[in-house]
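Visitor: This structure is in structure tokens; I'll ask about it shortly.
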There are 2 protein chains.
Amino acid sequence: MAHFEKTLNEETVFTGRILTVKTKDVILENGKEQKREIVLHNGGAAVLPVDEDGNVFLIRQFRSPFETEVLEIPAGKLEKGEDPFEAAKRELREETGFTAKHYINLGECWPTVGFCSEKIYIYLATGLTQGKTDFDDDEFVTTYKYSFEDAWSMCMDGTIKDGKTLVAILKAKELLGK
Amino acid sequence: MAHFEKTLNEETVFTGRILTVKTKDVILENGKEQKREIVLHNGGAAVLPVDEDGNVFLIRQFRSPFETEVLEIPAGKLEKGEDPFEAAKRELREETGFTAKHYINLGECWPTVGFCSEKIYIYLATGLTQGKTDFDDDEFVTTYKYSFEDAWSMCMDGTIKDGKTLVAILKAKELLGK
């Protein structure tokens, strides 16, 4: 039998620009009551760009929760109801200047299933053409180029820690036969 | 030059059992002010158990943010200051009944760097001995056994969506030479 919980009531305790936080009272399978804390997030789209020589393009930006720069694949938040593939193409263009001839869907990554509804839709982009970047006003990012092998090694040795970036590079390795 | 932001002030807008939510006013590199919404979380520890025949053990449990069951590796929240490796061993024992002779550190996964401070510490466990499970009062989980190849295929075909589980299985494939 599938596991389940039944929500008795819920309350919105914070409404921000990107996050909504709710508390829920739920009934568990044993009939006991439990509180849940849930973060609602519209989700994101992310793209691993790989050029014809097998180089990977990653970006560095300051990430406030860690108070440091983080190395990641280009990505951005979805607007409510936005198509993830359109968002992925937009973020790739805005953050790296690339447009891509070919996209492969690398599937969904649900980063924090315990408390947050975010889904990240990940794509692999090849057949790249370099154009101009077009950052949002509040975005400060720098693009770095790595060989696929180096990027993969940085996943395996712990240099790359960002979840969606790990998933993208590790899945792409299989698909690209690297 | 490294990218940076400077925090002007911050306010705690929600304090829960597992999450604390803050808003920050920051100054960006261009001198403009921006608001950040940050979720603080103590982090987690997760373990991929693989037996001597190459089978992996995954668990299914109801996850409130998605209102459905999710297939994951055994994992749990860290208490503040808790050693991730000790937590990983505990969660493996509690959720699957296994103790393991050998652990390999699969590194950190930072699942949602844009808005949450959570770090997940991931381990691969081999040399398994089956004991008794010991669930927390509010935990209802079922363990499923898969061949490594099937678990890996479920990562690649999108059946497995949980971020830490994708990272664990994809990294383990490389390390175990599967």
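Identifiers in this document derive from the order of the structure tokens: chains are assigned A, B, ..., residues are numbered from 1 separately in each chain, and ligands are numbered from 1 in order of occurrence.
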Just the residues within 12 Å of segment 14-26 of chain A, please, counting only C-alpha atoms, with nothing from its chain fewer than 4 positions along; format it as an MDAnalysis selection string.

Guide: (chainID A and resid 4:10 30:44 76:80 115:118) or (chainID B and resid 12:24 34:39 62:65 67 114:116 138)

Visitor: Quick one: residues within 10 Å of Phe57 of chain B, only C-alpha atoms, excluding same-chain residues fewer than 3 positions away - as a VMD selection string?

Guide: chain B and resid 47 to 51 54 72 to 74 96 98 143 to 148 151

Visitor: If you run DSSP over the backbone, which residues in chain A end up strand (DSSP E or B)? Put them as an MDAnalysis selection string.

Guide: chainID A and resid 6:15 20:27 33:40 44:50 55:63 68:72 75:77 98:110 116 120:130 141:147 162

Visitor: Would you return as a PyMOL selection string the members of segment 5-168 of chain A that DSSP assigns to helix (DSSP H, G or I) on this structure's backbone?

Guide: chain A and resi 84-96+148-156+163-168

Visitor: May I have the selected residues written with N, CA and C atoms, as a compact mmCIF listing (two decimals), in the first residue's frame?

Guide:
```
# COMPACT_ATOMS: atom_id res chain seq x y z
N PRO A 84 9.32 25.03 -19.11
CA PRO A 84 10.72 24.91 -18.66
C PRO A 84 11.72 24.98 -19.81
N PHE A 85 11.36 24.44 -20.97
CA PHE A 85 12.29 24.41 -22.09
C PHE A 85 12.53 25.84 -22.62
N GLU A 86 11.47 26.63 -22.67
CA GLU A 86 11.64 28.03 -23.09
C GLU A 86 12.51 28.77 -22.08
N ALA A 87 12.30 28.51 -20.81
CA ALA A 87 13.10 29.16 -19.76
C ALA A 87 14.56 28.75 -19.87
N ALA A 88 14.80 27.47 -20.17
CA ALA A 88 16.17 26.98 -20.29
C ALA A 88 16.90 27.69 -21.43
N LYS A 89 16.23 27.81 -22.57
CA LYS A 89 16.84 28.49 -23.72
C LYS A 89 17.13 29.96 -23.37
N ARG A 90 16.20 30.60 -22.71
CA ARG A 90 16.38 32.00 -22.30
C ARG A 90 17.57 32.15 -21.35
N GLU A 91 17.64 31.30 -20.35
CA GLU A 91 18.73 31.43 -19.36
C GLU A 91 20.09 31.18 -20.01
N LEU A 92 20.14 30.20 -20.91
CA LEU A 92 21.40 29.93 -21.61
C LEU A 92 21.85 31.17 -22.38
N ARG A 93 20.91 31.79 -23.10
CA ARG A 93 21.24 32.96 -23.91
C ARG A 93 21.64 34.14 -23.01
N GLU A 94 20.84 34.37 -21.96
CA GLU A 94 21.10 35.53 -21.10
C GLU A 94 22.44 35.40 -20.36
N GLU A 95 22.70 34.19 -19.86
CA GLU A 95 23.85 34.05 -18.95
C GLU A 95 25.16 33.72 -19.67
N THR A 96 25.08 33.09 -20.83
CA THR A 96 26.32 32.75 -21.54
C THR A 96 26.39 33.36 -22.94
N PHE A 148 35.30 18.56 -20.87
CA PHE A 148 34.30 17.71 -20.23
C PHE A 148 34.96 16.86 -19.14
N GLU A 149 36.13 16.35 -19.44
CA GLU A 149 36.84 15.48 -18.51
C GLU A 149 37.16 16.23 -17.21
N ASP A 150 37.59 17.48 -17.32
CA ASP A 150 37.88 18.27 -16.12
C ASP A 150 36.61 18.54 -15.32
N ALA A 151 35.55 18.89 -16.03
CA ALA A 151 34.28 19.17 -15.33
C ALA A 151 33.81 17.92 -14.60
N TRP A 152 33.93 16.79 -15.26
CA TRP A 152 33.52 15.53 -14.64
C TRP A 152 34.40 15.22 -13.41
N SER A 153 35.70 15.42 -13.56
CA SER A 153 36.60 15.20 -12.42
C SER A 153 36.23 16.11 -11.25
N MET A 154 35.83 17.33 -11.57
CA MET A 154 35.43 18.28 -10.51
C MET A 154 34.14 17.85 -9.82
N CYS A 155 33.32 17.07 -10.53
CA CYS A 155 32.15 16.48 -9.88
C CYS A 155 32.58 15.36 -8.93
N MET A 156 33.46 14.51 -9.43
CA MET A 156 33.84 13.33 -8.67
C MET A 156 34.72 13.68 -7.46
N GLY A 163 23.87 20.74 -6.77
CA GLY A 163 23.14 19.52 -7.11
C GLY A 163 22.77 19.40 -8.58
N LYS A 164 22.13 20.42 -9.14
CA LYS A 164 21.69 20.32 -10.55
C LYS A 164 22.87 20.19 -11.50
N THR A 165 24.01 20.80 -11.12
CA THR A 165 25.21 20.74 -11.95
C THR A 165 25.81 19.33 -11.91
N LEU A 166 25.83 18.72 -10.74
CA LEU A 166 26.29 17.33 -10.62
C LEU A 166 25.42 16.40 -11.47
N VAL A 167 24.11 16.53 -11.34
CA VAL A 167 23.20 15.66 -12.09
C VAL A 167 23.41 15.86 -13.59
N ALA A 168 23.52 17.11 -14.03
CA ALA A 168 23.65 17.40 -15.47
C ALA A 168 24.93 16.80 -16.04
```

Visitor: Any idea what the distance is between atom CA of Phe66 of chain A and atom CA of Lys161 of chain A?

Guide: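 We find that atom CA of Phe66 of chain A and atom CA of Lys161 of chain A lie 11.8 Å from each other.
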